[in-house]
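Chemist: Just data-v7.cif, nothing more (mmCIF, C-alpha atoms):
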data_input
#
loop_
_atom_site.label_atom_id
_atom_site.label_comp_id
_atom_site.auth_asym_id
_atom_site.auth_seq_id
_atom_site.Cartn_x
_atom_site.Cartn_y
_atom_site.Cartn_z
CA MET A 170 0.00 0.00 0.00
CA THR A 171 1.57 3.27 -1.16
CA SER A 172 -1.33 5.77 -1.19
CA ALA A 173 -1.27 8.86 1.00
CA PRO A 174 -2.76 8.53 4.51
CA ASP A 175 -6.53 9.05 4.89
CA ILE A 176 -7.17 10.49 8.36
CA THR A 177 -10.85 10.63 9.34
CA LEU A 178 -12.92 11.05 12.48
CA LYS A 179 -12.93 7.25 12.75
CA SER A 180 -9.10 7.31 12.69
CA TRP A 181 -9.03 9.73 15.64
CA PHE A 182 -11.48 7.56 17.57
CA MET A 183 -9.44 4.40 16.97
CA VAL A 184 -6.11 5.97 17.93
CA SER A 185 -7.68 7.40 21.10
CA LEU A 186 -9.14 4.00 21.99
CA LEU A 187 -5.75 2.36 21.46
CA GLY A 188 -4.13 4.86 23.82
CA LEU A 189 -6.74 4.03 26.45
CA ILE A 190 -6.32 0.26 26.06
CA TRP A 191 -2.53 0.25 26.02
CA GLY A 192 -2.43 2.73 28.90
CA GLY A 193 -3.57 -0.06 31.21
CA THR A 194 -1.49 -2.83 29.66
CA PHE A 195 1.75 -2.32 31.59
CA MET A 196 -0.14 -2.36 34.90
CA VAL A 197 -1.81 -5.68 34.02
CA GLN A 198 1.43 -7.15 32.68
CA LYS A 199 3.29 -6.16 35.86
CA LEU A 200 0.68 -8.07 37.87
CA ALA A 201 0.94 -11.09 35.55
CA LEU A 202 4.72 -11.18 36.03
CA GLY A 203 4.04 -11.94 39.67
CA HIS A 204 2.61 -15.32 38.61
CA MET A 205 4.63 -16.35 35.53
CA PRO A 206 8.16 -15.82 34.13
CA PRO A 207 8.43 -13.06 31.49
CA PHE A 208 8.66 -15.06 28.29
CA TRP A 209 5.71 -17.24 29.31
CA VAL A 210 3.70 -14.09 29.99
CA ALA A 211 4.54 -12.95 26.45
CA ALA A 212 3.83 -16.43 25.04
CA GLY A 213 0.54 -16.77 26.91
CA ARG A 214 -0.53 -13.31 25.81
CA ILE A 215 0.23 -13.84 22.13
CA GLY A 216 -0.96 -17.47 22.10
CA PHE A 217 -4.32 -16.65 23.65
CA ALA A 218 -4.80 -13.77 21.21
CA ALA A 219 -3.85 -16.02 18.27
CA VAL A 220 -6.53 -18.62 19.11
CA ILE A 221 -9.25 -15.98 19.28
CA THR A 222 -8.15 -14.11 16.17
CA ILE A 223 -7.70 -17.26 14.06
CA ALA A 224 -11.21 -18.40 15.00
CA VAL A 225 -12.72 -15.07 13.90
CA TRP A 226 -10.59 -15.05 10.75
CA GLN A 227 -11.75 -18.55 9.74
CA LEU A 228 -15.39 -17.66 10.35
CA ARG A 229 -14.91 -14.76 7.92
CA GLY A 230 -13.54 -17.01 5.18
CA GLY A 231 -9.87 -17.27 6.11
CA ARG A 232 -8.45 -15.20 3.26
CA MET A 233 -5.12 -13.37 3.54
CA PHE A 234 -3.94 -11.34 0.53
CA THR A 235 -6.93 -9.80 -1.27
CA THR A 236 -5.22 -9.44 -4.67
CA GLU A 237 -2.77 -11.54 -6.67
CA ALA A 238 0.12 -9.58 -5.11
CA THR A 239 1.70 -11.38 -2.14
CA ASP A 240 4.71 -10.73 0.08
CA TRP A 241 5.13 -13.48 2.67
CA PRO A 242 8.70 -12.59 3.73
CA ARG A 243 7.68 -9.00 4.52
CA LEU A 244 4.54 -10.25 6.29
CA ALA A 245 6.67 -12.57 8.45
CA PHE A 246 9.03 -9.69 9.30
CA VAL A 247 6.12 -7.43 10.31
CA SER A 248 4.58 -10.19 12.40
CA ILE A 249 7.73 -10.98 14.35
CA PHE A 250 8.79 -7.39 14.96
CA SER A 251 5.37 -5.93 15.77
CA ALA A 252 4.41 -8.57 18.35
CA ALA A 253 6.83 -11.36 19.29
CA VAL A 254 10.07 -9.44 19.75
CA PRO A 255 8.70 -6.30 21.49
CA PHE A 256 6.45 -8.39 23.77
CA MET A 257 9.46 -10.38 24.95
CA PHE A 258 11.63 -7.30 25.36
CA LEU A 259 9.01 -5.48 27.46
CA ALA A 260 8.03 -8.48 29.60
CA TRP A 261 11.69 -9.09 30.46
CA ALA A 262 12.51 -5.39 30.92
CA GLN A 263 9.66 -4.75 33.36
CA GLN A 264 11.45 -6.93 35.90
CA HIS A 265 14.36 -4.48 35.99
CA VAL A 266 13.11 -0.97 35.11
CA THR A 267 10.49 1.37 36.52
CA SER A 268 7.05 1.64 34.91
CA ALA A 269 7.84 5.32 34.39
CA PHE A 270 10.81 4.54 32.18
CA THR A 271 8.70 2.05 30.22
CA GLY A 272 6.17 4.82 29.60
CA VAL A 273 8.81 7.22 28.30
CA SER A 274 10.33 4.57 26.04
CA MET A 275 6.94 3.86 24.44
CA ALA A 276 6.49 7.57 23.76
CA ALA A 277 9.79 7.41 21.89
CA VAL A 278 8.14 5.24 19.22
CA ALA A 279 7.02 8.44 17.49
CA LEU A 280 10.60 9.67 17.34
CA PHE A 281 11.65 6.45 15.57
CA VAL A 282 8.71 6.55 13.15
CA LEU A 283 8.97 10.18 12.01
CA PRO A 284 12.34 10.06 10.16
CA LEU A 285 11.69 6.57 8.77
CA ALA A 286 8.29 7.56 7.37
CA HIS A 287 9.85 10.66 5.77
CA PHE A 288 11.93 8.45 3.47
CA PHE A 289 9.75 5.37 3.02
CA VAL A 290 6.04 6.35 3.18
CA PRO A 291 4.34 8.63 0.62
CA GLY A 292 2.54 11.60 2.19
CA GLU A 293 4.47 11.38 5.48
CA ARG A 294 7.05 14.14 4.98
CA MET A 295 9.00 15.29 8.05
CA THR A 296 7.99 18.97 7.98
CA LEU A 297 9.15 21.51 10.56
CA ARG A 298 5.63 21.81 12.00
CA ARG A 299 5.20 18.05 12.33
CA THR A 300 8.63 17.63 13.93
CA LEU A 301 7.97 20.41 16.45
CA GLY A 302 4.61 18.85 17.28
CA PHE A 303 6.14 15.48 18.03
CA LEU A 304 8.90 17.02 20.14
CA ILE A 305 6.34 19.04 22.14
CA GLY A 306 4.26 15.89 22.68
CA PHE A 307 7.31 13.95 23.82
CA SER A 308 8.26 16.75 26.23
CA GLY A 309 4.76 16.47 27.69
CA VAL A 310 5.39 12.80 28.47
CA VAL A 311 8.69 13.69 30.16
CA VAL A 312 6.96 16.42 32.22
CA LEU A 313 4.17 14.01 33.20
CA ILE A 314 6.52 11.32 34.45
CA GLY A 315 9.19 13.69 35.74
CA PRO A 316 12.31 12.48 37.57
CA ALA A 317 10.69 9.09 38.23
CA ALA A 318 11.62 8.06 34.69
CA PHE A 319 15.29 8.20 35.63
CA VAL A 320 15.13 6.81 39.17
CA SER A 321 17.15 3.63 39.51
CA THR A 322 15.53 0.37 40.58
CA GLY A 323 18.85 -0.93 41.89
CA SER A 324 18.68 -3.98 39.64
CA PRO A 325 22.09 -5.03 38.29
CA LEU A 326 20.40 -5.56 34.92
CA GLU A 327 18.62 -2.19 34.84
CA GLY A 328 20.84 -0.84 32.04
CA TYR A 329 20.00 -3.82 29.87
CA GLY A 330 16.33 -3.43 30.79
CA ARG A 331 16.35 0.16 29.54
CA ILE A 332 18.02 -0.93 26.31
CA ALA A 333 15.32 -3.62 25.91
CA CYS A 334 12.57 -0.99 26.31
CA LEU A 335 14.10 1.21 23.61
CA ALA A 336 14.65 -1.85 21.41
CA ALA A 337 10.94 -2.66 21.74
CA ALA A 338 10.09 0.93 20.76
CA SER A 339 12.32 0.67 17.68
CA CYS A 340 10.63 -2.63 16.73
CA TYR A 341 7.22 -0.97 16.84
CA GLY A 342 8.53 1.93 14.77
CA VAL A 343 10.18 -0.13 12.05
CA SER A 344 7.35 -2.67 11.79
CA SER A 345 4.81 0.16 11.41
CA ILE A 346 6.69 1.44 8.36
CA VAL A 347 6.99 -2.02 6.77
CA LEU A 348 3.34 -2.83 7.57
CA ARG A 349 2.20 0.20 5.60
CA LYS A 350 4.06 -1.09 2.52
CA LEU A 351 2.47 -4.56 2.43
CA PRO A 352 0.17 -5.46 -0.50
CA PRO A 353 -3.62 -5.38 0.16
CA LEU A 354 -4.63 -7.88 2.88
CA ASP A 355 -7.71 -8.77 4.84
CA PRO A 356 -7.32 -6.87 8.17
CA ILE A 357 -8.30 -9.83 10.34
CA GLY A 358 -6.13 -12.15 8.25
CA LEU A 359 -3.20 -9.79 8.75
CA SER A 360 -3.87 -9.69 12.49
CA ALA A 361 -4.04 -13.50 12.58
CA ALA A 362 -0.77 -13.80 10.63
CA THR A 363 0.93 -11.41 13.03
CA LEU A 364 -0.04 -13.55 15.99
CA ILE A 365 0.67 -16.91 14.29
CA PHE A 366 4.19 -15.95 13.24
CA GLY A 367 4.70 -14.35 16.64
CA SER A 368 3.66 -17.54 18.44
CA PHE A 369 6.15 -19.58 16.39
CA VAL A 370 8.91 -17.37 17.79
CA VAL A 371 7.84 -16.68 21.39
CA ILE A 372 6.66 -20.13 22.52
CA PRO A 373 9.88 -22.04 21.62
CA ILE A 374 12.01 -19.31 23.22
CA ALA A 375 9.89 -19.51 26.39
CA PHE A 376 10.45 -23.30 26.51
CA VAL A 377 14.20 -22.91 26.09
CA GLN A 378 14.50 -20.10 28.62
CA HIS A 379 12.03 -21.18 31.32
CA GLY A 380 11.19 -24.83 30.66
CA PRO A 381 7.59 -26.12 30.41
CA PRO A 382 4.85 -23.56 31.08
CA PRO A 383 3.94 -23.24 34.76
CA MET A 384 0.39 -23.62 36.02
CA PRO A 385 -0.36 -20.28 37.66
CA PRO A 386 -3.31 -19.68 39.99
CA LEU A 387 -6.64 -18.60 38.54
CA GLU A 388 -5.73 -14.93 39.00
CA GLY A 389 -2.58 -15.35 36.88
CA LEU A 390 -4.49 -17.13 34.12
CA ALA A 391 -7.14 -14.40 34.14
CA LEU A 392 -4.49 -11.69 33.82
CA VAL A 393 -2.80 -13.41 30.86
CA ALA A 394 -6.20 -14.03 29.23
CA LEU A 395 -7.04 -10.35 29.65
CA LEU A 396 -3.71 -9.37 28.09
CA GLY A 397 -4.43 -11.67 25.15
CA LEU A 398 -8.03 -10.60 24.61
CA VAL A 399 -7.94 -6.80 24.86
CA PRO A 400 -4.48 -5.19 24.34
CA THR A 401 -3.27 -7.95 22.00
CA ALA A 402 -6.11 -9.48 19.91
CA GLY A 403 -8.43 -6.48 19.85
CA ALA A 404 -5.84 -3.72 19.87
CA ASN A 405 -3.62 -5.46 17.31
CA LEU A 406 -6.48 -5.44 14.82
CA LEU A 407 -7.19 -1.76 15.52
CA ARG A 408 -3.49 -0.92 15.14
CA ILE A 409 -3.36 -2.60 11.74
CA VAL A 410 -6.47 -0.77 10.53
CA VAL A 411 -5.07 2.60 11.65
CA ILE A 412 -1.65 2.08 10.05
CA ARG A 413 -3.10 0.78 6.78
CA SER A 414 -5.52 3.71 6.46
CA ALA A 415 -4.12 6.70 8.37
CA GLY A 416 -0.41 5.83 8.26
CA PRO A 417 2.35 4.99 10.76
CA VAL A 418 3.06 8.59 11.79
CA PHE A 419 -0.56 9.12 12.83
CA MET A 420 -0.54 5.75 14.60
CA SER A 421 2.51 6.79 16.63
CA LEU A 422 0.37 9.45 18.37
CA THR A 423 -0.98 6.58 20.47
CA ASN A 424 2.33 6.38 22.32
CA TYR A 425 1.94 9.86 23.83
CA GLN A 426 -1.39 8.82 25.29
CA VAL A 427 -0.14 5.62 26.94
CA PRO A 428 1.74 7.30 29.85
CA LEU A 429 -1.17 9.72 30.33
CA TRP A 430 -3.70 6.92 30.71
CA SER A 431 -1.26 4.94 32.85
CA VAL A 432 -1.27 7.81 35.34
CA VAL A 433 -5.07 8.07 35.21
CA PHE A 434 -5.45 4.33 35.91
CA GLY A 435 -2.88 4.53 38.70
CA VAL A 436 -4.78 7.38 40.39
CA THR A 437 -8.28 5.93 39.95
CA LEU A 438 -7.64 2.19 40.36
CA MET A 439 -4.45 1.95 42.41
CA GLY A 440 -4.93 4.94 44.71
CA GLU A 441 -1.71 6.61 43.56
CA PRO A 442 -1.33 10.39 44.15
CA LEU A 443 -2.24 12.73 41.29
CA PRO A 444 0.94 14.28 39.86
CA GLY A 445 1.04 18.06 40.06
CA SER A 446 2.40 18.09 36.52
CA MET A 447 -0.68 16.37 35.10
CA ILE A 448 -2.37 19.50 33.71
CA TRP A 449 0.78 20.95 32.12
CA ALA A 450 1.75 17.58 30.69
CA THR A 451 -1.73 17.06 29.22
CA LEU A 452 -1.65 20.51 27.60
CA LEU A 453 1.78 19.84 26.09
CA ILE A 454 0.75 16.43 24.76
CA LEU A 455 -2.49 17.73 23.23
CA SER A 456 -0.70 20.77 21.78
CA GLY A 457 1.95 18.55 20.23
CA VAL A 458 -0.67 16.24 18.72
CA ALA A 459 -2.64 19.20 17.34
CA LEU A 460 0.47 20.82 15.82
CA SER A 461 1.82 17.62 14.27
CA GLN A 462 -1.59 16.80 12.76
CA PHE A 463 -2.71 20.34 11.96
CA GLY A 464 -3.44 19.60 8.32
CA ALA A 465 -5.48 16.49 9.17
CA LEU A 466 -7.54 18.45 11.70
CA GLN A 467 -8.24 21.19 9.15
CA ARG A 468 -9.43 18.61 6.61
CA LEU A 469 -11.52 16.90 9.27
CA PHE A 470 -13.37 20.08 10.16
CA GLY A 471 -13.91 21.16 6.60
CA SER A 472 -11.32 23.88 5.92
CA LYS A 473 -8.44 23.75 3.49
CA PRO A 474 -5.00 23.22 5.00
CA SER A 475 -2.56 26.05 4.56
#
So, in terms of structure tokens, how does the structure I just supplied come out?
Modeler:
Amino acid sequence: MTSAPDITLKSWFMVSLLGLIWGGTFMVQKLALGHMPPFWVAAGRIGFAAVITIAVWQLRGGRMFTTEATDWPRLAFVSIFSAAVPFMFLAWAQQHVTSAFTGVSMAAVALFVLPLAHFFVPGERMTLRRTLGFLIGFSGVVVLIGPAAFVSTGSPLEGYGRIACLAAASCYGVSSIVLRKLPPLDPIGLSAATLIFGSFVVIPIAFVQHGPPPMPPLEGLALVALLGLVPTAGANLLRIVVIRSAGPVFMSLTNYQVPLWSVVFGVTLMGEPLPGSMIWATLLILSGVALSQFGALQRLFGSKPS
């Protein structure tokens, strides 16, 4: 797919919903890590999502590429680097880094996507306005999280954990660009392929690293099932639809919302104190999003972009 991005009101709704869903993911995954080792958390998450998505895909006819054009090697690359590899990186890293640092690293996805899209995706030029918007949004994330992002956990592997978080962010960035360039596919088929290829990678690695899967208590199983159903199966399909229609740069706006929603969930569900920087951070994030997507907002509300 090489056409210019088509950003609609539906696109804005989907990217907002993804921010909300993924904003609670790290909290749930942190709880799941209390019951299972990291690679089995990643394997359980992606395996559960694969079963659900494949069932839906087969009920819809089970087609993959919708034209004669196919590109299985690129599809395999997208699948492995948009699910399997980042899931393993993040599950392992969360044992050694703070949640705050994880939030900042996910916001950095936009900074990986912007220069890559400039060269490889039609209609995604890295203009001064767009660049300033993304930098303002990223600064809002840093203000929101504050010094906590750089507080040490004391883990001897913390440095490697931080590298793993940034590696996961780069995987999301690169796979978003490659995903946009795939030939026409059925969205649910593409989601199913992502999870199937991902399972082929994660499950064997989990066996090698941790041995046979443990039998966690009911709470642990419920947490992994929740991770598979909502932020993996459901959100993976939404992510694919957004990238294929609105483009990877627009999709990367989700990553500024994730830390914001993480704080909201922490305050409302975990009884954490409300950060004093919340209002300023929110204004910066929203201002950055509005500036980077100024043209899309003008088109959405019916005026011609300047």
Chemist: Check what the PyMOL selection byres ((chain A and resi 238-244) around 10) selects in the file above and give those residues as a PDB file with C-alpha atoms, in the coordinates of the input.
Modeler:
ATOM      1  CA  MET A 233      -5.120 -13.370   3.540  1.00  0.00           C
ATOM      2  CA  PHE A 234      -3.940 -11.340   0.530  1.00  0.00           C
ATOM      3  CA  THR A 235      -6.930  -9.800  -1.270  1.00  0.00           C
ATOM      4  CA  THR A 236      -5.220  -9.440  -4.670  1.00  0.00           C
ATOM      5  CA  GLU A 237      -2.770 -11.540  -6.670  1.00  0.00           C
ATOM      6  CA  ALA A 245       6.670 -12.570   8.450  1.00  0.00           C
ATOM      7  CA  PHE A 246       9.030  -9.690   9.300  1.00  0.00           C
ATOM      8  CA  VAL A 247       6.120  -7.430  10.310  1.00  0.00           C
ATOM      9  CA  SER A 248       4.580 -10.190  12.400  1.00  0.00           C
ATOM     10  CA  ILE A 249       7.730 -10.980  14.350  1.00  0.00           C
ATOM     11  CA  SER A 344       7.350  -2.670  11.790  1.00  0.00           C
ATOM     12  CA  VAL A 347       6.990  -2.020   6.770  1.00  0.00           C
ATOM     13  CA  LEU A 348       3.340  -2.830   7.570  1.00  0.00           C
ATOM     14  CA  LYS A 350       4.060  -1.090   2.520  1.00  0.00           C
ATOM     15  CA  LEU A 351       2.470  -4.560   2.430  1.00  0.00           C
ATOM     16  CA  PRO A 352       0.170  -5.460  -0.500  1.00  0.00           C
ATOM     17  CA  PRO A 353      -3.620  -5.380   0.160  1.00  0.00           C
ATOM     18  CA  LEU A 354      -4.630  -7.880   2.880  1.00  0.00           C
ATOM     19  CA  LEU A 359      -3.200  -9.790   8.750  1.00  0.00           C
ATOM     20  CA  ALA A 362      -0.770 -13.800  10.630  1.00  0.00           C
ATOM     21  CA  THR A 363       0.930 -11.410  13.030  1.00  0.00           C
ATOM     22  CA  PHE A 366       4.190 -15.950  13.240  1.00  0.00           C
TER      23      PHE A 366
END
Chemist: Compile a residue-level contact table for stretch 189-246 of chain A against stretch 261-270 of chain A at a cut-off of 9 Å, reporting for every qualifying residue the shortest atom pair and its distance in Å to one decimal, with only C-alpha atoms counted, rows ordered by chain and ascending number, as a Markdown table.
Modeler:
| residue | atom | partner | partner_atom | distance |
| --- | --- | --- | --- | --- |
| A:Phe195 | CA | A:Ser268 | CA | 7.4 |
| A:Met196 | CA | A:Ser268 | CA | 8.2 |
| A:Gln198 | CA | A:Gln263 | CA | 8.6 |
| A:Lys199 | CA | A:Gln263 | CA | 7.0 |
| A:Leu202 | CA | A:Gln264 | CA | 8.0 |
| A:Pro206 | CA | A:Trp261 | CA | 8.4 |
| A:Pro207 | CA | A:Trp261 | CA | 5.2 |
| A:Phe208 | CA | A:Trp261 | CA | 7.0 |
Chemist: Counting only C-alpha atoms, which of A:Ala402, A:Ile346, A:Ala218, A:Val432 gets nearest to A:Gly445?
Modeler: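 The shortest atom-to-atom distance to A:Gly445 comes from A:Val432.
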Chemist: Identify all residues satisfying the PyMOL selection byres ((chain A and resi 448) around 12) in the given file; provide them as a list in words.
Modeler: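 Selection result, ordered by chain and number: Gly309, Val310, Val312, Leu313, Leu429, Val432, Val433, Leu443, Pro444, Gly445, Ser446, Met447, Trp449, Ala450, Thr451, Leu452, Leu453, Ile454 and Leu455 of chain A.
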Chemist: What residues have an atom no more than 12 Å from (7.3, -21.1, 32.1) in the file's own frame, counting all atoms listed in the file, and can you write them as a list in words?
Modeler: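 Applying the cut-off with all atoms listed in the file, one gets Leu202, His204, Met205, Pro206, Pro207, Phe208, Trp209, Val210, Ala211, Ala212, Gly213, Val371, Ile372, Pro373, Ile374, Ala375, Phe376, Val377, Gln378, His379, Gly380, Pro381, Pro382, Pro383, Met384 and Pro385 of chain A.
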Chemist: For this structure, which residues satisfy the selection - the PyMOL selection byres ((chain A and resi 175) around 8) - when it is evaluated on the file as given? I want them as a list in words.
Modeler: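 In the shown coordinates, the PyMOL selection byres ((chain A and resi 175) around 8) covers Ala173, Pro174, Ile176, Thr177, Ser414, Ala415 and Gly416 of chain A.
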Chemist: Determine, counting all atoms listed in the file, which protein, DNA and RNA residues have an atom within 8 Å of an atom of A:Cys340; residues of the same chain fewer than 5 positions away are not included. Present the result as an mmCIF file with C-alpha atoms, in the coordinates of the input.
Modeler:
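Written out: around.cif:
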data_model
loop_
_atom_site.group_PDB
_atom_site.id
_atom_site.type_symbol
_atom_site.label_atom_id
_atom_site.label_comp_id
_atom_site.auth_asym_id
_atom_site.auth_seq_id
_atom_site.Cartn_x
_atom_site.Cartn_y
_atom_site.Cartn_z
ATOM 1 C CA PHE A 250 8.790 -7.390 14.960
ATOM 2 C CA SER A 251 5.370 -5.930 15.770
ATOM 3 C CA VAL A 254 10.070 -9.440 19.750
ATOM 4 C CA PRO A 255 8.700 -6.300 21.490
#
